[in-house]
$ cat my_file_32.txt   # compact mmCIF, C-alpha atoms
# COMPACT_ATOMS: atom_id res chain seq x y z
CA MET R 46 17.07 -2.60 6.64
CA ILE R 47 19.60 -3.78 4.06
CA HIS R 48 17.96 -5.59 1.16
CA SER R 49 19.58 -8.47 -0.67
CA ASP R 50 19.77 -6.33 -3.78
CA GLY R 51 22.04 -3.81 -2.12
CA PHE R 52 19.93 -0.91 -0.97
CA ARG R 53 18.77 0.29 2.41
CA SER R 54 15.20 1.46 3.06
CA LEU R 55 14.96 4.94 4.56
CA ASP R 56 12.39 5.77 7.22
CA ARG R 57 9.95 8.64 6.86
CA GLN R 58 12.07 11.08 8.89
CA GLU R 59 15.19 10.34 6.83
CA CYS R 60 13.16 10.78 3.64
CA LEU R 61 11.75 14.14 4.73
CA ARG R 62 15.18 15.38 5.80
CA LEU R 63 16.62 14.52 2.35
CA LEU R 64 13.62 16.06 0.54
CA ALA R 65 14.01 19.28 2.52
CA GLU R 66 17.49 19.74 1.06
CA ALA R 67 16.69 18.82 -2.56
CA PRO R 68 16.19 21.79 -4.89
CA VAL R 69 14.41 19.88 -7.66
CA GLY R 70 11.98 16.96 -7.77
CA ARG R 71 9.72 15.38 -10.35
CA VAL R 72 5.94 15.21 -10.44
CA VAL R 73 4.81 11.84 -11.80
CA TYR R 74 1.27 11.67 -13.11
CA THR R 75 -0.92 10.54 -15.98
CA ARG R 76 -1.66 12.76 -18.97
CA GLN R 77 -4.03 11.58 -21.67
CA ALA R 78 -3.73 8.03 -20.38
CA LEU R 79 0.08 8.07 -20.69
CA PRO R 80 2.66 8.23 -17.90
CA ALA R 81 4.07 11.74 -17.59
CA VAL R 82 6.80 13.40 -15.54
CA LEU R 83 7.83 17.00 -15.01
CA PRO R 84 10.80 18.30 -13.01
CA VAL R 85 10.04 21.27 -10.75
CA ASN R 86 11.60 23.16 -7.89
CA PHE R 87 9.68 22.81 -4.64
CA THR R 88 9.66 23.31 -0.91
CA LEU R 89 8.64 20.95 1.86
CA ASP R 90 5.82 22.60 3.79
CA THR R 91 5.33 22.55 7.56
CA ASP R 92 2.98 19.54 7.37
CA SER R 93 5.53 17.68 5.19
CA SER R 94 3.48 18.17 2.04
CA VAL R 95 5.36 19.08 -1.14
CA ALA R 96 4.60 22.61 -2.37
CA LEU R 97 5.30 23.78 -5.89
CA CYS R 98 4.39 26.84 -7.93
CA THR R 99 3.20 26.69 -11.51
CA SER R 100 0.99 28.46 -14.02
CA ALA R 101 -2.75 28.20 -13.35
CA ALA R 102 -3.21 27.52 -17.07
CA SER R 103 -0.58 24.76 -17.24
CA ASP R 104 -1.14 21.21 -18.43
CA LEU R 105 0.24 20.13 -15.07
CA VAL R 106 -2.54 21.83 -13.09
CA ARG R 107 -5.21 20.43 -15.37
CA ALA R 108 -3.80 16.92 -15.02
CA VAL R 109 -3.05 16.74 -11.29
CA ASP R 110 -5.58 18.86 -9.39
CA GLY R 111 -7.49 16.48 -7.13
CA VAL R 112 -5.59 13.41 -8.27
CA VAL R 113 -3.09 11.08 -6.56
CA VAL R 114 0.40 11.67 -7.97
CA ALA R 115 3.94 10.66 -7.08
CA PHE R 116 6.75 13.09 -6.43
CA GLU R 117 10.35 11.95 -6.62
CA ALA R 118 13.70 13.46 -5.69
CA ASP R 119 17.09 11.82 -5.74
CA ASP R 120 20.81 12.41 -5.73
CA PHE R 121 23.26 9.87 -7.13
CA ASP R 122 26.99 9.76 -7.58
CA ALA R 123 27.71 7.66 -10.66
CA GLY R 124 31.39 7.44 -9.77
CA ASN R 125 30.89 5.29 -6.70
CA ARG R 126 27.34 4.12 -7.46
CA SER R 127 25.91 5.63 -4.31
CA GLY R 128 22.98 7.90 -3.63
CA TRP R 129 19.39 8.07 -2.48
CA SER R 130 15.90 8.48 -3.82
CA VAL R 131 12.65 9.41 -2.11
CA VAL R 132 9.11 9.07 -3.48
CA VAL R 133 6.10 10.81 -1.96
CA THR R 134 2.69 9.55 -3.09
CA GLY R 135 -0.45 11.50 -2.30
CA ARG R 136 -3.26 13.69 -3.51
CA ALA R 137 -2.31 16.86 -5.36
CA ALA R 138 -4.49 19.94 -5.12
CA VAL R 139 -4.28 23.58 -6.13
CA VAL R 140 -4.22 25.82 -3.06
CA THR R 141 -7.44 27.85 -3.25
CA ASP R 142 -7.62 29.21 0.30
CA PRO R 143 -6.53 32.88 0.13
CA ALA R 144 -4.78 32.85 3.53
CA GLU R 145 -2.90 29.70 2.60
CA HIS R 146 -1.94 31.17 -0.79
CA GLU R 147 -0.73 34.31 1.00
CA ARG R 148 1.36 32.27 3.42
CA LEU R 149 2.95 30.30 0.56
CA LEU R 150 3.76 33.56 -1.24
CA ARG R 151 5.94 34.38 1.77
CA THR R 152 7.33 30.97 2.68
CA GLY R 153 6.72 28.68 -0.31
CA PRO R 154 8.61 27.96 -3.51
CA ARG R 155 9.23 30.58 -6.18
CA SER R 156 8.85 29.48 -9.75
CA TRP R 157 12.08 29.41 -11.74
CA MET R 158 10.14 30.67 -14.74
CA PRO R 159 8.41 34.06 -14.98
CA MET R 160 4.62 33.78 -14.80
CA ARG R 161 1.73 36.08 -14.15
CA ASP R 162 -0.81 33.42 -13.14
CA GLY R 163 1.16 31.43 -10.60
CA VAL R 164 -0.70 29.05 -8.32
CA PHE R 165 0.58 26.75 -5.61
CA VAL R 166 0.02 23.03 -5.82
CA ARG R 167 0.36 20.92 -2.72
CA ILE R 168 1.03 17.17 -2.74
CA GLU R 169 0.08 15.46 0.50
CA ALA R 170 2.78 13.22 1.95
CA GLU R 171 0.41 10.29 2.45
CA MET R 172 3.02 7.67 1.59
CA VAL R 173 6.74 8.42 1.84
CA LYS R 174 9.30 5.85 0.77
CA GLY R 175 13.00 6.11 0.19
CA ARG R 176 16.07 4.06 -0.38
CA GLU R 177 19.78 4.50 -0.27
CA LEU R 178 22.49 2.84 -2.30
CA THR R 179 25.55 2.79 -0.12
CA GLY R 180 28.26 2.36 -2.69
CA LEU R 181 30.08 -0.02 -4.96
CA PRO R 182 28.74 -3.52 -4.32
CA GLY R 183 31.03 -6.19 -2.99
CA PRO R 184 31.08 -9.74 -4.38
CA GLY R 185 27.98 -11.91 -3.96
CA MET A 42 11.72 27.74 -29.93
CA ILE A 43 11.59 29.95 -26.83
CA HIS A 44 8.28 29.63 -24.93
CA SER A 45 6.67 32.51 -23.09
CA ASP A 46 7.23 30.71 -19.83
CA GLY A 47 11.00 30.77 -20.23
CA PHE A 48 12.09 27.43 -21.60
CA ARG A 49 13.33 26.27 -24.95
CA SER A 50 12.13 23.07 -26.62
CA LEU A 51 14.91 20.66 -27.59
CA ASP A 52 14.77 18.69 -30.80
CA ARG A 53 15.11 14.91 -30.88
CA GLN A 54 18.84 14.97 -31.67
CA GLU A 55 19.60 17.37 -28.81
CA CYS A 56 17.54 15.20 -26.48
CA LEU A 57 19.37 12.01 -27.47
CA ARG A 58 22.77 13.69 -27.12
CA LEU A 59 21.89 14.80 -23.56
CA LEU A 60 20.47 11.37 -22.69
CA ALA A 61 23.62 9.67 -23.91
CA GLU A 62 25.66 11.55 -21.31
CA ALA A 63 23.28 11.14 -18.36
CA PRO A 64 24.25 8.36 -15.93
CA VAL A 65 20.85 8.04 -14.24
CA GLY A 66 17.24 8.38 -15.37
CA ARG A 67 13.84 7.53 -13.96
CA VAL A 68 11.31 4.98 -15.19
CA VAL A 69 7.79 6.37 -14.79
CA TYR A 70 4.98 3.84 -14.80
CA THR A 71 1.84 2.66 -13.04
CA ARG A 72 1.92 0.16 -10.20
CA GLN A 73 -1.32 -1.07 -8.63
CA ALA A 74 -3.17 1.83 -10.26
CA LEU A 75 -0.84 4.42 -8.68
CA PRO A 76 1.83 6.52 -10.38
CA ALA A 77 5.28 5.08 -9.68
CA VAL A 78 8.84 6.12 -10.43
CA LEU A 79 12.20 4.39 -10.04
CA PRO A 80 15.65 5.86 -10.72
CA VAL A 81 18.00 3.56 -12.64
CA ASN A 82 21.27 3.75 -14.49
CA PHE A 83 20.94 3.13 -18.20
CA THR A 84 22.53 3.30 -21.60
CA LEU A 85 21.20 4.64 -24.86
CA ASP A 86 21.22 1.81 -27.38
CA THR A 87 22.15 2.05 -31.04
CA ASP A 88 18.50 2.48 -32.11
CA SER A 89 18.07 5.25 -29.49
CA SER A 90 16.05 3.04 -27.19
CA VAL A 91 16.79 3.23 -23.48
CA ALA A 92 18.35 0.04 -22.06
CA LEU A 93 18.42 -0.80 -18.38
CA CYS A 94 19.30 -3.87 -16.36
CA THR A 95 17.22 -5.12 -13.46
CA SER A 96 16.22 -8.28 -11.62
CA ALA A 97 13.90 -10.61 -13.54
CA ALA A 98 11.88 -10.99 -10.33
CA SER A 99 11.56 -7.24 -9.69
CA ASP A 100 8.32 -5.33 -9.27
CA LEU A 101 9.57 -3.11 -12.10
CA VAL A 102 9.67 -5.95 -14.63
CA ARG A 103 6.23 -7.17 -13.60
CA ALA A 104 4.80 -3.67 -13.98
CA VAL A 105 6.41 -2.48 -17.22
CA ASP A 106 6.93 -5.47 -19.53
CA GLY A 107 4.85 -4.79 -22.63
CA VAL A 108 3.51 -1.48 -21.35
CA VAL A 109 4.05 2.15 -22.46
CA VAL A 110 6.17 3.97 -19.88
CA ALA A 111 8.00 7.27 -19.65
CA PHE A 112 11.69 7.62 -18.95
CA GLU A 113 13.10 10.92 -17.70
CA ALA A 114 16.58 12.33 -17.22
CA ASP A 115 17.55 15.85 -16.26
CA ASP A 116 20.32 18.03 -14.93
CA PHE A 117 19.60 21.31 -13.17
CA ASP A 118 21.74 23.94 -11.51
CA ALA A 119 19.67 25.45 -8.72
CA GLY A 120 22.14 28.31 -8.33
CA ASN A 121 21.36 29.92 -11.68
CA ARG A 122 18.04 28.16 -12.34
CA SER A 123 19.27 26.55 -15.53
CA GLY A 124 19.24 23.02 -16.82
CA TRP A 125 17.50 20.55 -19.06
CA SER A 126 15.12 17.62 -18.95
CA VAL A 127 14.30 14.95 -21.50
CA VAL A 128 11.37 12.53 -21.47
CA VAL A 129 11.20 9.41 -23.65
CA THR A 130 7.80 7.75 -23.94
CA GLY A 131 7.43 4.32 -25.45
CA ARG A 132 6.78 0.65 -24.96
CA ALA A 133 8.96 -1.19 -22.47
CA ALA A 134 9.83 -4.84 -22.98
CA VAL A 135 12.16 -7.39 -21.43
CA VAL A 136 14.80 -8.47 -23.94
CA THR A 137 14.14 -12.15 -24.56
CA ASP A 138 16.17 -12.72 -27.73
CA PRO A 139 19.38 -14.57 -26.65
CA ALA A 140 21.60 -12.82 -29.24
CA GLU A 141 20.28 -9.45 -28.19
CA HIS A 142 20.76 -10.29 -24.51
CA GLU A 143 24.32 -11.38 -25.31
CA ARG A 144 25.02 -8.15 -27.15
CA LEU A 145 23.69 -6.08 -24.24
CA LEU A 146 25.86 -8.05 -21.80
CA ARG A 147 28.83 -6.66 -23.74
CA THR A 148 27.63 -3.16 -24.62
CA GLY A 149 24.64 -2.44 -22.39
CA PRO A 150 24.24 -1.08 -18.88
CA ARG A 151 25.55 -2.86 -15.80
CA SER A 152 23.33 -2.87 -12.76
CA TRP A 153 24.65 -0.87 -9.83
CA MET A 154 23.30 -3.54 -7.53
CA PRO A 155 24.49 -7.14 -7.39
CA MET A 156 21.97 -9.57 -8.90
CA ARG A 157 21.95 -13.13 -10.13
CA ASP A 158 18.85 -12.89 -12.31
CA GLY A 159 19.58 -9.75 -14.32
CA VAL A 160 17.51 -9.05 -17.41
CA PHE A 161 17.63 -6.14 -19.83
CA VAL A 162 14.60 -3.95 -20.35
CA ARG A 163 14.38 -1.79 -23.41
CA ILE A 164 12.20 1.30 -23.72
CA GLU A 165 11.48 2.31 -27.32
CA ALA A 166 12.12 5.99 -28.07
CA GLU A 167 8.75 6.45 -29.77
CA MET A 168 8.27 10.00 -28.48
CA VAL A 169 11.23 12.10 -27.32
CA LYS A 170 10.69 15.53 -25.83
CA GLY A 171 13.01 17.86 -24.01
CA ARG A 172 13.31 21.36 -22.73
CA GLU A 173 16.00 23.65 -21.53
CA LEU A 174 15.86 26.42 -18.96
CA THR A 175 18.51 28.89 -19.96
CA GLY A 176 19.06 30.72 -16.69
CA LEU A 177 17.76 33.34 -14.32
CA PRO A 178 14.72 34.96 -15.90
CA GLY A 179 14.74 38.63 -16.67
CA PRO A 180 11.83 40.92 -15.84
CA GLY A 181 8.46 40.31 -17.52
$ encode --input "my_file_32.txt" --output "structure tokens"
Amino acid sequence: MIHSDGFRSLDRQECLRLLAEAPVGRVVYTRQALPAVLPVNFTLDTDSSVALCTSAASDLVRAVDGVVVAFEADDFDAGNRSGWSVVVTGRAAVVTDPAEHERLLRTGPRSWMPMRDGVFVRIEAEMVKGRELTGLPGPG
Amino acid sequence: MIHSDGFRSLDRQECLRLLAEAPVGRVVYTRQALPAVLPVNFTLDTDSSVALCTSAASDLVRAVDGVVVAFEADDFDAGNRSGWSVVVTGRAAVVTDPAEHERLLRTGPRSWMPMRDGVFVRIEAEMVKGRELTGLPGPG
């Protein structure tokens, strides 16, 4: 669908395909009643949830465990004003199941920062929306 | 300052210098009680506020006018795990002063999408925080 304001909505499959190739996304949440955002590397898990690895003692874990958050990734080319963005909205939770933690140690994301108390956080892909800007707009 | 988890805090001037060169950032806000995020092009105004241009009838304007939001920009290199991110937190407001609107028409951001009802939104740089990841972590 092309909107009058020049972008095209992406369907869930297109969104997940783009997310799977993005190295970095941003967790969007609330911290002390203020909007907060933190870029992280991530992987897309087999059930399409977003998996990330962070310190068990981090502000992020305290703020998002058990809470609905948004997760955004995008890629834009400023030169020709094209690109895409995808937003996943769903419940975030620290992975506590030992077998699941073990599996993510093998197949999940690796933190870019050294840490001794790494935990995995999973964001369910309950709502997945995306849009694409297809390039320099024409007149009207 | 180098943190134990491998990133360096950026001071306000470093943050503003990086923001001034970034073509795209992300408005982080709350929409219908859920965390929301929208990538936009922007300019950094003379008072260090973030200026963006959007449709007067947009969901974004309805959600953020008069409200504290966050605005994030970043640039990461997944290959060597380096990069930076900056978050501005402050009150967003539609620019209603005609002289100010006129000035931003000349010096402010231009929307990447065609629109007939463009308005400028300004986000005050009340709190500016940034961090830098300086590359592949060493052991321990």
$ interface_residues --input "my_file_32.txt" --of "chain R" --to "chain A" --cutoff "7 Å" --atoms "all atoms listed in the file" --output "VMD selection string"
chain R and resid 50 to 51 68 73 to 74 80 to 81 114 to 115 123 126 157 to 160 182 185
$ residues_near_point --input "my_file_32.txt" --point "(0.2, 28.3, -6.6)" --cutoff "9 Å" --atoms "only C-alpha atoms" --output "PyMOL selection string"
chain R and resi 96-101+139-141+146+149-150+154+162-167
$ closest_residue --input "my_file_32.txt" --among "R:Thr152, R:Ser54, R:Thr91, R:Gln77" --to "Thr179 in chain R" --atoms "all atoms listed in the file"
R:Ser54
$ calpha_fit_and_write --input "my_file_32.txt" --fixed "chain R" --moving "chain A" --output "short mmCIF file (atom, residue, chain, number, x, y, z; two decimals) with C-alpha atoms, in the frame of the given file"
data_model
loop_
_atom_site.label_atom_id
_atom_site.label_comp_id
_atom_site.auth_asym_id
_atom_site.auth_seq_id
_atom_site.Cartn_x
_atom_site.Cartn_y
_atom_site.Cartn_z
CA MET A 42 17.09 -2.58 6.70
CA ILE A 43 19.60 -3.77 4.10
CA HIS A 44 17.93 -5.58 1.16
CA SER A 45 19.55 -8.46 -0.67
CA ASP A 46 19.75 -6.33 -3.78
CA GLY A 47 22.04 -3.80 -2.12
CA PHE A 48 19.93 -0.90 -0.96
CA ARG A 49 18.76 0.29 2.41
CA SER A 50 15.21 1.46 3.09
CA LEU A 51 14.95 4.95 4.58
CA ASP A 52 12.40 5.76 7.23
CA ARG A 53 9.94 8.64 6.87
CA GLN A 54 12.07 11.09 8.88
CA GLU A 55 15.19 10.35 6.83
CA CYS A 56 13.17 10.77 3.65
CA LEU A 57 11.76 14.14 4.73
CA ARG A 58 15.20 15.39 5.80
CA LEU A 59 16.62 14.51 2.35
CA LEU A 60 13.63 16.05 0.56
CA ALA A 61 14.01 19.27 2.52
CA GLU A 62 17.49 19.75 1.07
CA ALA A 63 16.71 18.80 -2.54
CA PRO A 64 16.20 21.78 -4.87
CA VAL A 65 14.40 19.88 -7.64
CA GLY A 66 11.98 16.96 -7.77
CA ARG A 67 9.72 15.38 -10.35
CA VAL A 68 5.93 15.22 -10.44
CA VAL A 69 4.82 11.85 -11.80
CA TYR A 70 1.28 11.66 -13.11
CA THR A 71 -0.93 10.55 -15.98
CA ARG A 72 -1.66 12.77 -18.96
CA GLN A 73 -4.03 11.60 -21.69
CA ALA A 74 -3.73 8.04 -20.39
CA LEU A 75 0.08 8.08 -20.69
CA PRO A 76 2.66 8.22 -17.90
CA ALA A 77 4.07 11.74 -17.59
CA VAL A 78 6.78 13.39 -15.53
CA LEU A 79 7.83 17.01 -15.01
CA PRO A 80 10.80 18.29 -12.99
CA VAL A 81 10.02 21.26 -10.75
CA ASN A 82 11.59 23.14 -7.89
CA PHE A 83 9.69 22.81 -4.64
CA THR A 84 9.66 23.31 -0.92
CA LEU A 85 8.65 20.96 1.85
CA ASP A 86 5.84 22.60 3.79
CA THR A 87 5.35 22.55 7.54
CA ASP A 88 2.99 19.54 7.36
CA SER A 89 5.54 17.68 5.18
CA SER A 90 3.50 18.15 2.04
CA VAL A 91 5.36 19.07 -1.13
CA ALA A 92 4.59 22.61 -2.38
CA LEU A 93 5.30 23.78 -5.90
CA CYS A 94 4.39 26.84 -7.93
CA THR A 95 3.19 26.68 -11.51
CA SER A 96 0.98 28.47 -14.02
CA ALA A 97 -2.76 28.20 -13.36
CA ALA A 98 -3.21 27.52 -17.08
CA SER A 99 -0.58 24.76 -17.24
CA ASP A 100 -1.15 21.22 -18.45
CA LEU A 101 0.23 20.13 -15.07
CA VAL A 102 -2.55 21.82 -13.10
CA ARG A 103 -5.22 20.43 -15.40
CA ALA A 104 -3.80 16.92 -15.02
CA VAL A 105 -3.06 16.74 -11.29
CA ASP A 106 -5.60 18.86 -9.40
CA GLY A 107 -7.49 16.48 -7.13
CA VAL A 108 -5.59 13.41 -8.29
CA VAL A 109 -3.09 11.08 -6.55
CA VAL A 110 0.40 11.66 -7.97
CA ALA A 111 3.93 10.66 -7.08
CA PHE A 112 6.74 13.09 -6.43
CA GLU A 113 10.36 11.95 -6.64
CA ALA A 114 13.70 13.46 -5.70
CA ASP A 115 17.09 11.81 -5.75
CA ASP A 116 20.81 12.41 -5.73
CA PHE A 117 23.25 9.86 -7.14
CA ASP A 118 26.99 9.75 -7.57
CA ALA A 119 27.69 7.65 -10.65
CA GLY A 120 31.37 7.43 -9.76
CA ASN A 121 30.87 5.27 -6.68
CA ARG A 122 27.33 4.09 -7.44
CA SER A 123 25.90 5.61 -4.30
CA GLY A 124 22.98 7.88 -3.62
CA TRP A 125 19.39 8.07 -2.48
CA SER A 126 15.89 8.48 -3.82
CA VAL A 127 12.64 9.41 -2.11
CA VAL A 128 9.11 9.06 -3.49
CA VAL A 129 6.09 10.81 -1.97
CA THR A 130 2.69 9.56 -3.09
CA GLY A 131 -0.45 11.49 -2.31
CA ARG A 132 -3.26 13.68 -3.52
CA ALA A 133 -2.33 16.85 -5.36
CA ALA A 134 -4.50 19.94 -5.12
CA VAL A 135 -4.29 23.58 -6.14
CA VAL A 136 -4.23 25.82 -3.07
CA THR A 137 -7.42 27.85 -3.25
CA ASP A 138 -7.61 29.20 0.30
CA PRO A 139 -6.51 32.90 0.11
CA ALA A 140 -4.77 32.85 3.53
CA GLU A 141 -2.89 29.72 2.59
CA HIS A 142 -1.93 31.17 -0.79
CA GLU A 143 -0.72 34.31 1.00
CA ARG A 144 1.35 32.27 3.42
CA LEU A 145 2.95 30.31 0.57
CA LEU A 146 3.77 33.56 -1.25
CA ARG A 147 5.95 34.38 1.76
CA THR A 148 7.34 30.96 2.68
CA GLY A 149 6.72 28.69 -0.30
CA PRO A 150 8.60 27.97 -3.51
CA ARG A 151 9.23 30.57 -6.18
CA SER A 152 8.85 29.47 -9.76
CA TRP A 153 12.07 29.42 -11.75
CA MET A 154 10.14 30.68 -14.73
CA PRO A 155 8.42 34.06 -14.98
CA MET A 156 4.62 33.78 -14.78
CA ARG A 157 1.71 36.08 -14.16
CA ASP A 158 -0.82 33.43 -13.15
CA GLY A 159 1.15 31.45 -10.58
CA VAL A 160 -0.71 29.07 -8.31
CA PHE A 161 0.58 26.76 -5.60
CA VAL A 162 0.02 23.03 -5.82
CA ARG A 163 0.35 20.92 -2.74
CA ILE A 164 1.03 17.19 -2.74
CA GLU A 165 0.06 15.45 0.51
CA ALA A 166 2.78 13.21 1.96
CA GLU A 167 0.40 10.29 2.46
CA MET A 168 3.02 7.65 1.61
CA VAL A 169 6.74 8.42 1.84
CA LYS A 170 9.30 5.85 0.77
CA GLY A 171 13.01 6.10 0.21
CA ARG A 172 16.07 4.04 -0.38
CA GLU A 173 19.78 4.49 -0.25
CA LEU A 174 22.49 2.82 -2.28
CA THR A 175 25.55 2.80 -0.10
CA GLY A 176 28.28 2.37 -2.68
CA LEU A 177 30.10 -0.03 -4.95
CA PRO A 178 28.77 -3.51 -4.27
CA GLY A 179 31.09 -6.18 -3.02
CA PRO A 180 31.13 -9.70 -4.44
CA GLY A 181 28.01 -11.87 -4.11
#
$ closest_residue --input "my_file_32.txt" --among "R:Gly111, R:Leu105, R:Glu66, R:Val95" --to "Met172 in chain R" --atoms "all atoms listed in the file"
R:Val95
$ atom_distance --input "my_file_32.txt" --atom1 "CA of Ala170 in chain R" --atom2 "CA of Val106 in chain R"
18.1 Å
$ closest_residue --input "my_file_32.txt" --among "R:Leu89, R:Ser103, R:Gly70, R:Gly128" --to "Arg176 in chain R" --atoms "only C-alpha atoms"
R:Gly128
$ atom_distance --input "my_file_32.txt" --atom1 "CA of Arg58 in chain A" --atom2 "CA of Glu167 in chain A"
16.0 Å
$ atom_distance --input "my_file_32.txt" --atom1 "CA of Ser90 in chain A" --atom2 "CA of Ile164 in chain A"
5.5 Å
$ axis_aligned_box --input "my_file_32.txt" --around "range 155-161 of chain A" --padding-each-side "5 Å" --output "AutoDock Vina command-line options"
--center_x 21.0 --center_y -9.6 --center_z -13.6 --size_x 17.0 --size_y 17.0 --size_z 22.4
$ build_atoms --input "my_file_32.txt" --residues "range 166-182 of chain R" --atoms "N, CA, C and O atoms" --output "JSON list (two decimals), keeping the file's coordinate frame"
[["chain", "number", "residue", "atom", "x", "y", "z"],
["R", 166, "VAL", "N", 0.58, 24.38, -5.85],
["R", 166, "VAL", "CA", 0.02, 23.03, -5.82],
["R", 166, "VAL", "C", 0.67, 22.32, -4.64],
["R", 166, "VAL", "O", 1.89, 22.42, -4.44],
["R", 167, "ARG", "N", -0.15, 21.65, -3.88],
["R", 167, "ARG", "CA", 0.36, 20.92, -2.72],
["R", 167, "ARG", "C", 0.13, 19.42, -2.95],
["R", 167, "ARG", "O", -0.94, 19.01, -3.42],
["R", 168, "ILE", "N", 1.15, 18.64, -2.65],
["R", 168, "ILE", "CA", 1.03, 17.17, -2.74],
["R", 168, "ILE", "C", 1.15, 16.62, -1.33],
["R", 168, "ILE", "O", 2.18, 16.80, -0.67],
["R", 169, "GLU", "N", 0.08, 16.01, -0.86],
["R", 169, "GLU", "CA", 0.08, 15.46, 0.50],
["R", 169, "GLU", "C", 1.08, 14.31, 0.62],
["R", 169, "GLU", "O", 1.15, 13.47, -0.28],
["R", 170, "ALA", "N", 1.78, 14.27, 1.74],
["R", 170, "ALA", "CA", 2.78, 13.22, 1.95],
["R", 170, "ALA", "C", 2.12, 12.02, 2.60],
["R", 170, "ALA", "O", 2.47, 11.61, 3.72],
["R", 171, "GLU", "N", 1.16, 11.41, 1.88],
["R", 171, "GLU", "CA", 0.41, 10.29, 2.45],
["R", 171, "GLU", "C", 1.29, 9.04, 2.59],
["R", 171, "GLU", "O", 1.24, 8.33, 3.57],
["R", 172, "MET", "N", 2.09, 8.81, 1.56],
["R", 172, "MET", "CA", 3.02, 7.67, 1.59],
["R", 172, "MET", "C", 4.40, 8.21, 1.24],
["R", 172, "MET", "O", 4.55, 8.92, 0.24],
["R", 173, "VAL", "N", 5.38, 7.93, 2.06],
["R", 173, "VAL", "CA", 6.74, 8.42, 1.84],
["R", 173, "VAL", "C", 7.68, 7.24, 1.90],
["R", 173, "VAL", "O", 7.76, 6.55, 2.92],
["R", 174, "LYS", "N", 8.37, 6.98, 0.78],
["R", 174, "LYS", "CA", 9.30, 5.85, 0.77],
["R", 174, "LYS", "C", 10.63, 6.31, 0.20],
["R", 174, "LYS", "O", 10.68, 7.18, -0.68],
["R", 175, "GLY", "N", 11.69, 5.74, 0.70],
["R", 175, "GLY", "CA", 13.00, 6.11, 0.19],
["R", 175, "GLY", "C", 13.98, 4.97, 0.30],
["R", 175, "GLY", "O", 13.76, 3.99, 1.02],
["R", 176, "ARG", "N", 15.04, 5.08, -0.47],
["R", 176, "ARG", "CA", 16.07, 4.06, -0.38],
["R", 176, "ARG", "C", 17.42, 4.67, -0.68],
["R", 176, "ARG", "O", 17.52, 5.69, -1.35],
["R", 177, "GLU", "N", 18.42, 4.00, -0.15],
["R", 177, "GLU", "CA", 19.78, 4.50, -0.27],
["R", 177, "GLU", "C", 20.66, 3.39, -0.82],
["R", 177, "GLU", "O", 20.56, 2.24, -0.38],
["R", 178, "LEU", "N", 21.46, 3.76, -1.80],
["R", 178, "LEU", "CA", 22.49, 2.84, -2.30],
["R", 178, "LEU", "C", 23.79, 3.29, -1.64],
["R", 178, "LEU", "O", 24.18, 4.45, -1.77],
["R", 179, "THR", "N", 24.45, 2.36, -0.98],
["R", 179, "THR", "CA", 25.55, 2.79, -0.12],
["R", 179, "THR", "C", 26.92, 2.69, -0.77],
["R", 179, "THR", "O", 27.92, 2.92, -0.11],
["R", 180, "GLY", "N", 26.95, 2.33, -2.03],
["R", 180, "GLY", "CA", 28.26, 2.36, -2.69],
["R", 180, "GLY", "C", 28.51, 1.14, -3.52],
["R", 180, "GLY", "O", 27.64, 0.30, -3.70],
["R", 181, "LEU", "N", 29.70, 1.08, -4.08],
["R", 181, "LEU", "CA", 30.08, -0.02, -4.96],
["R", 181, "LEU", "C", 29.82, -1.35, -4.29],
["R", 181, "LEU", "O", 30.27, -1.59, -3.18],
["R", 182, "PRO", "N", 29.06, -2.24, -4.93],
["R", 182, "PRO", "CA", 28.74, -3.52, -4.32],
["R", 182, "PRO", "C", 29.97, -4.42, -4.22],
["R", 182, "PRO", "O", 30.81, -4.43, -5.09]]
